[in-house]
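Below: query.cif (mmCIF, C-alpha atoms)
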```cif
data_model
loop_
_atom_site.label_atom_id
_atom_site.label_comp_id
_atom_site.auth_asym_id
_atom_site.auth_seq_id
_atom_site.Cartn_x
_atom_site.Cartn_y
_atom_site.Cartn_z
CA MET A 27 -1.75 -70.13 -18.57
CA ARG A 28 -5.30 -69.69 -19.79
CA LYS A 29 -6.58 -71.12 -16.52
CA LYS A 30 -4.64 -68.53 -14.56
CA LYS A 31 -5.94 -65.79 -16.87
CA LYS A 32 -9.51 -66.98 -16.33
CA ASN A 33 -9.04 -66.97 -12.58
CA GLY A 34 -7.68 -63.44 -12.83
CA TRP A 35 -10.77 -62.24 -14.68
CA GLN A 36 -12.98 -63.92 -12.07
CA ALA A 37 -11.17 -62.08 -9.30
CA VAL A 38 -11.63 -58.75 -11.09
CA VAL A 39 -15.34 -59.39 -11.62
CA THR A 40 -15.74 -60.39 -7.98
CA ILE A 41 -14.01 -57.22 -6.81
CA LEU A 42 -16.20 -55.10 -9.10
CA LEU A 43 -19.36 -56.77 -7.78
CA VAL A 44 -18.30 -56.21 -4.19
CA CYS A 45 -17.51 -52.56 -4.91
CA ALA A 46 -20.85 -52.13 -6.64
CA SER A 47 -22.65 -53.65 -3.67
CA ILE A 48 -20.83 -51.35 -1.24
CA LEU A 49 -21.64 -48.31 -3.38
CA TYR A 50 -25.30 -49.31 -3.58
CA ILE A 51 -25.57 -49.80 0.18
CA ALA A 52 -23.80 -46.46 0.77
CA TYR A 53 -26.17 -44.74 -1.67
CA GLN A 54 -29.25 -46.17 0.04
CA ALA A 55 -27.87 -45.10 3.42
CA TYR A 56 -27.26 -41.60 2.04
CA ARG A 57 -30.82 -41.43 0.72
CA SER A 58 -32.28 -42.60 4.02
CA VAL A 59 -30.30 -40.02 5.97
CA TYR A 60 -30.23 -37.04 3.64
CA ALA A 61 -33.05 -37.50 1.15
CA GLY A 62 -35.63 -39.30 3.31
CA VAL A 63 -37.89 -37.76 5.96
CA GLU A 64 -38.98 -38.74 9.45
CA THR A 65 -42.64 -38.16 10.28
CA GLU A 66 -45.05 -38.13 13.18
CA LEU A 67 -48.85 -38.21 13.03
CA ALA A 68 -50.84 -35.18 14.19
CA VAL A 69 -53.16 -36.51 16.92
CA ILE A 70 -55.51 -35.06 19.53
CA HIS A 71 -53.80 -34.51 22.87
CA SER A 72 -54.71 -32.88 26.17
CA THR A 73 -52.30 -31.25 28.62
CA TYR A 74 -52.46 -28.83 31.50
CA GLU A 75 -50.95 -25.45 32.15
CA SER A 76 -49.71 -26.14 35.65
CA ILE A 77 -47.58 -25.07 38.61
CA GLU A 78 -45.19 -27.46 40.32
CA THR A 79 -44.57 -26.79 44.01
CA GLU A 80 -44.59 -28.31 47.50
CA GLY A 81 -47.82 -28.81 49.44
CA LEU A 82 -48.46 -29.16 53.18
CA VAL A 83 -51.57 -31.02 54.39
CA TYR A 84 -53.80 -29.90 57.27
CA ARG A 85 -56.49 -32.06 58.86
CA THR A 86 -58.66 -32.21 61.96
CA GLU A 87 -57.17 -35.27 63.68
CA SER A 88 -57.67 -37.09 66.97
CA ILE A 89 -55.00 -39.38 68.42
CA ILE A 90 -56.15 -42.88 69.36
CA PRO A 91 -54.66 -43.84 72.74
CA GLY A 92 -52.32 -46.83 72.56
CA VAL A 93 -52.24 -49.85 74.84
CA SER A 94 -49.84 -50.33 77.74
CA SER A 95 -49.71 -54.10 77.30
CA GLY A 96 -50.68 -56.69 74.72
CA GLU A 97 -50.61 -56.76 70.90
CA PRO A 98 -53.29 -54.87 68.90
CA TYR A 99 -54.78 -56.49 65.80
CA TYR A 100 -56.44 -53.91 63.54
CA ALA A 101 -59.65 -55.06 61.91
CA ILE A 102 -59.84 -52.14 59.43
CA GLU A 103 -57.50 -50.54 56.88
CA ASN A 104 -56.27 -46.98 56.37
CA GLY A 105 -58.92 -44.66 54.94
CA THR A 106 -61.85 -46.67 56.36
CA ARG A 107 -64.78 -44.61 57.60
CA VAL A 108 -65.55 -45.40 61.26
CA ALA A 109 -68.29 -44.39 63.70
CA LYS A 110 -67.64 -43.01 67.15
CA ASN A 111 -66.91 -45.78 69.70
CA SER A 112 -66.69 -48.43 66.96
CA VAL A 113 -64.06 -51.14 67.46
CA ILE A 114 -60.87 -50.44 65.52
CA ALA A 115 -58.69 -53.18 66.92
CA SER A 116 -58.69 -56.13 69.30
CA VAL A 117 -55.85 -56.41 71.81
CA TYR A 118 -54.33 -59.85 72.49
CA ARG A 119 -51.78 -61.08 75.00
CA ASP A 120 -49.52 -62.02 72.08
CA ALA A 121 -49.31 -61.33 68.33
CA GLU A 122 -49.99 -64.97 67.40
CA SER A 123 -53.62 -64.81 68.57
CA GLY A 124 -54.21 -61.83 66.30
CA ARG A 125 -52.86 -63.74 63.30
CA ILE A 126 -55.03 -66.72 64.21
CA GLU A 127 -58.13 -64.51 64.30
CA GLN A 128 -57.30 -63.21 60.83
CA GLN A 129 -56.89 -66.77 59.52
CA ILE A 130 -60.21 -67.81 61.05
CA GLU A 131 -61.97 -64.84 59.42
CA GLU A 132 -60.50 -65.77 56.02
CA ILE A 133 -61.59 -69.40 56.44
CA ASP A 134 -65.13 -68.33 57.37
CA ALA A 135 -65.26 -66.18 54.23
CA GLN A 136 -64.08 -69.09 52.06
CA ILE A 137 -66.61 -71.49 53.56
CA ALA A 138 -69.41 -68.97 52.97
CA ALA A 139 -68.27 -68.49 49.37
CA PHE A 140 -68.21 -72.23 48.65
CA LYS A 141 -71.68 -72.66 50.14
CA THR A 142 -72.96 -69.78 47.99
CA ILE A 143 -71.53 -71.42 44.85
CA LEU A 144 -73.30 -74.68 45.66
CA ALA A 145 -76.58 -72.85 46.34
CA ASP A 146 -76.33 -70.91 43.05
CA ALA A 147 -75.51 -74.10 41.13
CA GLY A 148 -78.59 -75.83 42.52
CA SER A 149 -80.88 -72.90 41.72
CA GLY A 150 -79.74 -72.58 38.10
CA ARG A 151 -78.86 -68.90 38.55
CA LEU A 152 -75.35 -69.25 37.13
CA SER A 153 -74.80 -67.71 33.69
CA LEU A 154 -71.62 -68.45 31.71
CA GLY A 155 -71.61 -65.01 30.09
CA ILE A 156 -71.92 -63.20 33.42
CA ILE A 157 -69.29 -65.45 35.00
CA ASN A 158 -66.82 -64.69 32.18
CA GLU A 159 -67.36 -60.94 32.63
CA GLN A 160 -66.94 -61.21 36.40
CA THR A 161 -63.80 -63.32 36.00
CA THR A 162 -62.19 -60.72 33.70
CA GLU A 163 -62.99 -57.96 36.21
CA ALA A 164 -61.71 -60.08 39.12
CA LEU A 165 -58.42 -60.79 37.32
CA LEU A 166 -57.92 -57.05 36.70
CA ASN A 167 -58.60 -56.36 40.39
CA LEU A 168 -56.09 -59.04 41.35
CA VAL A 169 -53.41 -57.41 39.18
CA GLN A 170 -54.14 -53.99 40.70
CA GLU A 171 -54.05 -55.32 44.26
CA THR A 172 -50.77 -57.10 43.51
CA GLU A 173 -49.26 -53.79 42.38
CA THR A 174 -50.41 -52.00 45.56
CA GLY A 175 -48.80 -54.69 47.73
CA SER A 176 -51.82 -55.13 50.03
CA ILE A 177 -51.51 -58.75 51.19
CA SER A 178 -55.02 -58.98 52.62
CA ASN A 179 -56.61 -57.55 49.49
CA VAL A 180 -54.53 -59.80 47.23
CA SER A 181 -55.66 -62.85 49.17
CA GLY A 182 -59.32 -61.87 48.84
CA SER A 183 -59.04 -61.07 45.14
CA ALA A 184 -57.25 -64.35 44.44
CA PHE A 185 -59.96 -66.35 46.20
CA ASN A 186 -62.62 -64.44 44.24
CA VAL A 187 -60.95 -65.53 40.98
CA LEU A 188 -60.84 -69.16 42.15
CA SER A 189 -64.53 -69.00 43.13
CA LEU A 190 -65.53 -67.71 39.70
CA LEU A 191 -63.47 -70.38 37.94
CA SER A 192 -65.21 -73.00 40.08
CA LYS A 193 -68.61 -71.59 39.06
CA LYS A 194 -67.55 -71.78 35.43
CA SER A 195 -66.63 -75.44 35.88
CA LEU A 196 -70.08 -76.18 37.31
CA VAL A 197 -71.86 -74.37 34.46
CA THR A 198 -69.85 -76.21 31.79
CA GLY A 199 -70.72 -79.58 33.33
CA LYS A 200 -67.48 -80.37 35.11
CA GLU A 201 -67.73 -81.92 38.55
CA VAL A 202 -66.32 -79.86 41.42
CA ASP A 203 -66.46 -81.37 44.91
CA PHE A 204 -66.85 -78.52 47.41
CA THR A 205 -68.12 -80.71 50.23
CA GLN A 206 -64.68 -82.16 50.88
CA LYS A 207 -63.07 -78.71 50.64
CA ILE A 208 -65.55 -77.28 53.15
CA GLU A 209 -64.83 -80.14 55.55
CA GLU A 210 -61.08 -79.51 55.25
CA LEU A 211 -61.59 -75.83 56.02
CA GLU A 212 -63.75 -76.67 59.04
CA GLN A 213 -61.01 -78.95 60.37
CA THR A 214 -58.39 -76.25 59.87
CA LYS A 215 -60.60 -73.75 61.67
CA LYS A 216 -61.10 -76.16 64.57
CA ALA A 217 -57.35 -76.66 64.92
CA LEU A 218 -56.74 -72.91 64.93
CA LYS A 219 -59.37 -72.32 67.60
CA SER A 220 -57.68 -74.81 69.91
CA SER A 221 -54.67 -72.48 70.25
CA TYR A 222 -56.66 -69.23 70.07
CA GLN A 223 -56.96 -66.88 73.03
CA LYS A 224 -59.71 -64.28 73.15
CA PRO A 225 -58.75 -60.58 73.14
CA ILE A 226 -58.11 -58.97 76.50
CA SER A 227 -59.44 -55.58 75.38
CA THR A 228 -60.42 -53.47 72.37
CA ILE A 229 -59.43 -50.11 70.88
CA LYS A 230 -62.34 -47.86 69.94
CA ALA A 231 -62.62 -44.76 67.80
CA PRO A 232 -62.76 -41.64 70.00
CA VAL A 233 -64.65 -39.75 67.27
CA ALA A 234 -66.22 -40.47 63.89
CA GLY A 235 -64.03 -40.09 60.81
CA TYR A 236 -61.40 -41.86 58.73
CA PHE A 237 -58.91 -44.21 60.35
CA ALA A 238 -55.11 -44.02 59.84
CA ASP A 239 -52.75 -46.40 61.66
CA GLN A 240 -49.73 -44.04 61.61
CA VAL A 241 -49.10 -40.73 63.40
CA ASP A 242 -46.40 -38.21 62.41
CA GLY A 243 -46.43 -35.75 65.31
CA TYR A 244 -48.09 -32.93 63.33
CA GLU A 245 -51.65 -33.82 64.36
CA GLU A 246 -51.88 -31.00 66.93
CA LEU A 247 -49.57 -28.60 65.03
CA LEU A 248 -51.14 -28.52 61.56
CA THR A 249 -54.79 -27.96 62.34
CA THR A 250 -57.47 -26.46 60.09
CA GLU A 251 -58.06 -23.40 62.28
CA ASN A 252 -57.54 -19.96 60.69
CA LEU A 253 -56.31 -21.41 57.37
CA ASN A 254 -58.13 -18.64 55.55
CA ARG A 255 -55.54 -16.22 57.03
CA LEU A 256 -52.45 -18.39 56.40
CA THR A 257 -49.44 -16.30 55.27
CA THR A 258 -46.40 -17.31 53.21
CA ASP A 259 -44.10 -16.71 56.20
CA LYS A 260 -46.18 -18.95 58.45
CA LEU A 261 -46.40 -21.64 55.78
CA LYS A 262 -42.61 -21.59 55.25
CA GLU A 263 -42.12 -21.95 58.99
CA GLN A 264 -44.49 -24.92 59.14
CA MET A 265 -42.93 -26.53 56.06
CA TYR A 266 -39.59 -26.94 57.83
CA MET A 267 -40.55 -27.43 61.47
CA GLN A 268 -39.73 -30.75 63.12
CA SER A 269 -42.13 -33.02 64.99
CA GLU A 270 -41.93 -35.84 67.53
CA PRO A 271 -44.30 -38.70 66.64
CA ASN A 272 -46.16 -40.27 69.54
CA GLY A 273 -44.82 -43.82 69.43
CA ALA A 274 -47.36 -45.03 71.98
CA ALA A 275 -50.37 -43.89 69.93
CA GLY A 276 -52.68 -46.47 68.40
CA GLY A 277 -53.27 -44.45 65.25
CA LYS A 278 -55.54 -41.49 64.58
CA ILE A 279 -58.94 -40.50 63.27
CA VAL A 280 -59.27 -37.84 60.57
CA SER A 281 -62.52 -36.08 61.46
CA GLY A 282 -65.00 -34.86 58.90
CA TYR A 283 -64.88 -35.17 55.14
CA GLU A 284 -62.54 -32.26 54.46
CA TRP A 285 -58.78 -31.83 54.46
CA TYR A 286 -56.65 -28.96 53.21
CA MET A 287 -53.39 -28.45 51.33
CA ALA A 288 -51.40 -25.19 51.33
CA CYS A 289 -48.76 -24.17 48.77
CA ILE A 290 -46.62 -21.14 47.97
CA VAL A 291 -46.92 -19.90 44.36
CA PRO A 292 -46.09 -16.65 42.51
CA ASP A 293 -48.75 -13.97 43.05
CA SER A 294 -49.04 -13.59 39.25
CA TYR A 295 -51.51 -16.50 39.52
CA TYR A 296 -53.77 -14.57 41.90
CA ASN A 297 -56.54 -14.00 39.33
CA VAL A 298 -56.33 -17.59 38.09
CA LEU A 299 -56.57 -19.07 41.58
CA GLY A 300 -59.68 -17.24 42.67
CA VAL A 301 -61.37 -18.32 45.89
CA GLY A 302 -64.12 -20.81 45.13
CA ARG A 303 -62.61 -22.03 41.88
CA THR A 304 -62.61 -25.80 41.34
CA LEU A 305 -59.61 -27.49 39.74
CA THR A 306 -57.40 -30.56 40.16
CA ILE A 307 -54.02 -31.32 41.67
CA ARG A 308 -51.69 -34.24 41.03
CA MET A 309 -49.43 -35.95 43.54
CA SER A 310 -47.61 -38.45 41.34
CA PHE A 311 -45.81 -40.09 44.26
CA VAL A 312 -49.14 -40.76 46.02
CA LEU A 313 -51.87 -41.40 43.44
CA ASP A 314 -52.07 -42.08 39.71
CA GLU A 315 -55.19 -39.98 39.24
CA ALA A 316 -55.73 -36.26 39.83
CA VAL A 317 -57.56 -35.06 42.97
CA PRO A 318 -60.39 -32.49 42.69
CA VAL A 319 -59.99 -29.47 44.99
CA THR A 320 -61.50 -26.04 45.58
CA VAL A 321 -59.52 -22.86 46.25
CA TYR A 322 -60.21 -21.99 49.90
CA ALA A 323 -57.90 -18.98 50.40
CA CYS A 324 -55.23 -16.88 48.61
CA ASN A 325 -53.07 -14.49 50.63
CA LYS A 326 -50.38 -12.40 48.93
CA ASP A 327 -47.22 -11.11 50.57
CA ASN A 328 -45.02 -8.13 49.58
CA LYS A 329 -42.36 -10.34 47.98
CA GLY A 330 -44.25 -11.49 44.90
CA ASN A 331 -45.62 -14.72 46.36
CA MET A 332 -48.86 -15.93 47.90
CA ALA A 333 -50.09 -18.75 50.10
CA VAL A 334 -52.91 -20.64 48.40
CA VAL A 335 -55.02 -23.12 50.37
CA PHE A 336 -57.03 -25.87 48.66
CA ARG A 337 -59.94 -27.76 50.22
CA CYS A 338 -60.67 -31.38 49.31
CA ASP A 339 -63.47 -33.71 50.42
CA GLN A 340 -62.08 -36.88 48.86
CA MET A 341 -60.49 -39.46 51.17
CA SER A 342 -58.58 -42.71 50.63
CA ALA A 343 -55.97 -44.87 52.36
CA GLU A 344 -53.20 -42.92 50.62
CA LEU A 345 -54.66 -39.46 51.29
CA SER A 346 -55.28 -40.20 54.97
CA THR A 347 -51.55 -40.31 55.75
CA ILE A 348 -49.87 -37.74 53.45
CA ARG A 349 -48.34 -34.61 54.98
CA LYS A 350 -45.74 -32.88 52.79
CA GLU A 351 -45.83 -33.75 49.09
CA SER A 352 -44.65 -32.57 45.70
CA VAL A 353 -47.76 -31.31 43.92
CA GLU A 354 -48.72 -30.19 40.43
CA ILE A 355 -51.53 -27.62 40.41
CA GLN A 356 -53.44 -28.11 37.15
CA LEU A 357 -54.75 -24.70 36.13
CA VAL A 358 -56.07 -24.86 32.56
CA GLU A 359 -56.59 -27.86 30.32
CA HIS A 360 -55.58 -27.43 26.68
CA THR A 361 -56.80 -29.85 24.02
CA GLY A 362 -55.80 -29.82 20.37
CA LEU A 363 -53.35 -31.21 17.84
CA LYS A 364 -50.04 -32.35 19.31
CA VAL A 365 -47.23 -30.82 17.24
CA PRO A 366 -43.50 -31.40 17.88
CA GLN A 367 -41.69 -28.13 18.57
CA LYS A 368 -38.80 -29.12 16.29
CA ALA A 369 -41.21 -29.34 13.33
CA ILE A 370 -42.57 -25.79 13.68
CA ILE A 371 -41.19 -23.22 11.20
CA VAL A 372 -41.97 -19.76 9.80
CA ASN A 373 -42.14 -19.63 5.98
CA ASP A 374 -41.34 -16.78 3.58
CA LYS A 375 -44.84 -15.35 4.06
CA GLN A 376 -44.22 -15.17 7.83
CA GLU A 377 -46.77 -17.92 8.38
CA VAL A 378 -46.23 -20.29 11.31
CA GLY A 379 -46.67 -23.93 10.40
CA VAL A 380 -45.14 -27.31 9.66
CA TYR A 381 -44.21 -29.41 6.67
CA ILE A 382 -46.21 -32.58 6.13
CA ARG A 383 -45.75 -35.53 3.85
CA SER A 384 -48.63 -35.75 1.37
CA GLY A 385 -47.99 -38.85 -0.69
CA ASN A 386 -44.44 -38.31 -1.95
CA VAL A 387 -44.65 -34.50 -1.84
CA VAL A 388 -43.69 -32.05 0.93
CA ALA A 389 -46.54 -29.64 1.73
CA PHE A 390 -46.71 -26.67 4.12
CA ARG A 391 -49.61 -26.47 6.59
CA LYS A 392 -50.35 -23.50 8.85
CA ILE A 393 -51.00 -23.91 12.59
CA LYS A 394 -52.52 -21.84 15.42
CA GLN A 395 -50.76 -22.55 18.69
CA LYS A 396 -52.92 -22.65 21.83
CA PHE A 397 -50.30 -23.65 24.36
CA SER A 398 -46.57 -24.23 24.09
CA GLN A 399 -45.24 -26.63 26.66
CA PRO A 400 -41.75 -26.08 28.01
CA ALA A 401 -41.05 -29.61 26.78
CA ASP A 402 -41.11 -30.91 23.20
CA TYR A 403 -44.65 -30.29 21.99
CA ALA A 404 -47.15 -27.52 21.30
CA ILE A 405 -50.94 -27.83 21.39
CA CYS A 406 -52.56 -26.33 18.29
CA GLU A 407 -56.14 -25.42 17.44
CA ILE A 408 -58.12 -27.57 15.03
CA VAL A 409 -58.89 -25.04 12.27
CA ASP A 410 -61.52 -26.01 9.72
CA GLU A 411 -59.95 -24.07 6.84
CA ASP A 412 -57.88 -25.04 3.81
CA GLY A 413 -54.15 -24.87 4.32
CA TYR A 414 -54.21 -25.70 8.04
CA LEU A 415 -52.90 -28.81 9.74
CA GLU A 416 -55.48 -31.57 10.16
CA MET A 417 -55.73 -34.60 12.39
CA TYR A 418 -53.65 -37.55 11.15
CA ASP A 419 -51.53 -35.40 8.85
CA ASP A 420 -47.99 -36.80 8.58
CA ILE A 421 -45.86 -34.07 10.20
CA ILE A 422 -42.24 -34.07 8.99
CA VAL A 423 -39.94 -33.94 12.02
CA GLY A 424 -36.68 -34.82 10.26
CA GLY A 425 -35.30 -34.13 6.80
CA ARG A 426 -32.94 -31.91 4.79
CA ASP A 427 -33.59 -29.02 2.38
CA LEU A 428 -37.35 -29.15 2.82
CA TYR A 429 -39.65 -26.79 0.91
CA ASP A 430 -43.28 -26.68 -0.17
CA GLY A 431 -43.74 -28.92 -3.23
CA LYS A 432 -40.50 -30.87 -2.91
CA ILE A 433 -40.66 -34.43 -4.27
CA ILE A 434 -39.62 -37.10 -1.78
CA HIS A 435 -37.80 -39.92 -3.57
#
```

Render the structure in this file as structure tokens.
Amino acid sequence: MRKKKKNGWQAVVTILLVCASILYIAYQAYRSVYAGVETELAVIHSTYESIETEGLVYRTESIIPGVSSGEPYYAIENGTRVAKNSVIASVYRDAESGRIEQQIEEIDAQIAAFKTILADAGSGRLSLGIINEQTTEALLNLVQETETGSISNVSGSAFNVLSLLSKKSLVTGKEVDFTQKIEELEQTKKALKSSYQKPISTIKAPVAGYFADQVDGYEELLTTENLNRLTTDKLKEQMYMQSEPNGAAGGKIVSGYEWYMACIVPDSYYNVLGVGRTLTIRMSFVLDEAVPVTVYACNKDNKGNMAVVFRCDQMSAELSTIRKESVEIQLVEHTGLKVPQKAIIVNDKQEVGVYIRSGNVVAFRKIKQKFSQPADYAICEIVDEDGYLEMYDDIIVGGRDLYDGKIIH
């Protein structure tokens, strides 16, 4: 009987311990949810007051005549600057000869690189520190080229990395036999040449400018003439008109250094978008970085809108082929402390500010808002006065029953 009684007491104690544990866990959970606070550091942040709209691109473009027979092999990439009458492509009887020419060019480049490595090794010009720096840069370029999906660039970047690693091996005393590799490449080149047929003709640039291998049919419709008098009605018409691409064309040349983009925006921005003003635009689906432009024209209508035309003299492979794009016009840059909107309050003294965590005490700090984004944050001035929010203050963004001087347990 005493054994059963003892077991009974053990069961009671066990139940009490379990209950106590549950109560403790529940209490800690309560404190974390209701008594604790969630914070976010006040840091420097820059953002733009901007307009999001659609942009239409105008360029001075010349169609490159296509070929009636044969397969063209382009020796240059989109966005490449070319001179008038320079060779853009070689035309072969079949596509295979074009691929063979490309392989031969790559082999010649590899042979030249290996010979340069051997020459540098013999002259003592190789430096381990410089090679390490160049290898790091080459690896970053390889990653970037891989992301862009350019096969030719990836191949070149990869070989550059291998060349630098070979140089490093030579500097550190490891034997690298390039003579055999060069002989193998020469044999491969010889075999390729045996089945290679010379081009039957060439394609030349009709004018000087930037090359693009695709045409969209707007080359003769969206010209740069009279853009200073472009109206909103005309721009709307051009935005939605259809084109018939010339499938027989061999590409096009974008003449000059300048191209233009036109957008429709509210005329309330007329004073901000003054002719001659320099700013930036972003096309997130085209480029990661912003593009510098200058306001070329602003023409208001009687419906509260205006057609604004931007001029740009920056060219790249991506910019040489865009036509109609979503664009963000970046008007004014605002820099200051990044403050979550949900943390901003007005206290009893009608002061705008936030609560911060100072040690284990809640403290109120005033703010001066410079720009309130439509999203989740406001940009606030950095005020060098007591009582104002400072960089790296711990802004309280979550908590209950907060007040100035409250102790946080």

Checklist entry - So which residues get picked by the PyMOL selection byres ((chain A and resi 86) around 6) here, written as a PyMOL selection string? => result chain A and resi 85+87+249+280-281

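Compared by their closest atoms to Asp410 (chain A), and using only C-alpha atoms, the residues A:Arg383, A:Glu163, A:Ala217, A:Lys392 rank with A:Lys392 nearest.
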
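One finds CA of Tyr236 (chain A) at 29.2 Å from CA of Gln223 (chain A).
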
Checklist entry - What does the PyMOL selection byres ((chain A and resi 301-305) around 12) select in this file, as a ChimeraX atom specification? => result /A:74-76,254,295-300,306-308,316-325,334-338,354-359

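Taking CA of Glu78 (chain A) and CA of Ser310 (chain A) as the two end points, the separation is 11.3 Å.
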
Next on the checklist: I want to know what sits within 6 Å of region 377-381 of chain A, based on only C-alpha atoms, with residues of the same chain fewer than 5 positions away left out; could you give that as a PyMOL selection string?
Outcome noted: chain A and resi 369-372+389-393+422

Checklist entry - If you apply the PyMOL selection byres ((chain A and resi 275) around 10) to this file, what residues do you get, as a PyMOL selection string? => result chain A and resi 89-93+239-241+271-274+276-278

Within 8 Å of region 110-120 of chain A, counting all atoms listed in the file, which residues show up once you throw out same-chain ones fewer than 4 positions away? Write them as a compact mmCIF listing (two decimals) with C-alpha atoms, in the coordinates of the input, please.
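What follows is the written file part-v8.txt:
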```
# COMPACT_ATOMS: atom_id res chain seq x y z
CA SER A 95 -49.71 -54.10 77.30
CA GLY A 96 -50.68 -56.69 74.72
CA GLU A 97 -50.61 -56.76 70.90
CA PRO A 98 -53.29 -54.87 68.90
CA TYR A 99 -54.78 -56.49 65.80
CA TYR A 100 -56.44 -53.91 63.54
CA ALA A 101 -59.65 -55.06 61.91
CA ILE A 102 -59.84 -52.14 59.43
CA GLY A 124 -54.21 -61.83 66.30
CA GLN A 223 -56.96 -66.88 73.03
CA LYS A 224 -59.71 -64.28 73.15
CA PRO A 225 -58.75 -60.58 73.14
CA ILE A 226 -58.11 -58.97 76.50
CA SER A 227 -59.44 -55.58 75.38
CA THR A 228 -60.42 -53.47 72.37
CA ILE A 229 -59.43 -50.11 70.88
CA LYS A 230 -62.34 -47.86 69.94
CA ALA A 231 -62.62 -44.76 67.80
CA PRO A 232 -62.76 -41.64 70.00
CA VAL A 233 -64.65 -39.75 67.27
CA ALA A 234 -66.22 -40.47 63.89
CA GLY A 235 -64.03 -40.09 60.81
```

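We find CA of Ile433 (chain A) and CA of Gly385 (chain A) to be spaced 9.3 Å apart.
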
Next on the checklist: When you look at Asp259 (chain A) with a cut-off of 12 Å (counting only C-alpha atoms), what residues show up, excluding the ones that are within fewer than 5 positions of it in the same chain? I need them as a PyMOL selection string.
Outcome noted: chain A and resi 264-266+289-290+325-329+331-333

Next on the checklist: List the spatial neighbours of Thr361 (chain A) as a list in words - criterion: any atom at most 8 Å away, only C-alpha atoms, same-chain residues fewer than 5 positions off excluded.
Outcome noted: Ile70, His71, Ser72, Thr73, Ile405, Cys406 and Glu407 of chain A

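Comparing the minimum interatomic distances between Asn386 (chain A) and each of A:Glu245, A:Glu416, A:Glu122, A:Asp430, counting only C-alpha atoms, we find that A:Asp430 sits nearest.
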
Item to check | Nearest residue to Ile348 (chain A) from the set A:Val388, A:Met309, A:Val291, A:Leu253 (distances using all atoms listed in the file) | outcome: A:Met309

Find the axis-aligned box for region 87-90 of chain A, covering all its listed atoms and adding 8 Å on each side, and write its centre and edge lengths in Å to one decimal as JSON.
```
{"center_x": -56.3, "center_y": -39.1, "center_z": 66.5, "size_x": 18.7, "size_y": 23.6, "size_z": 21.7}
```

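Residue nearest Tyr429 (chain A) within the list A:Thr347, A:Asp402, A:Asn373, A:Lys396: A:Asn373 [criterion: smallest interatomic distance, all atoms listed in the file].
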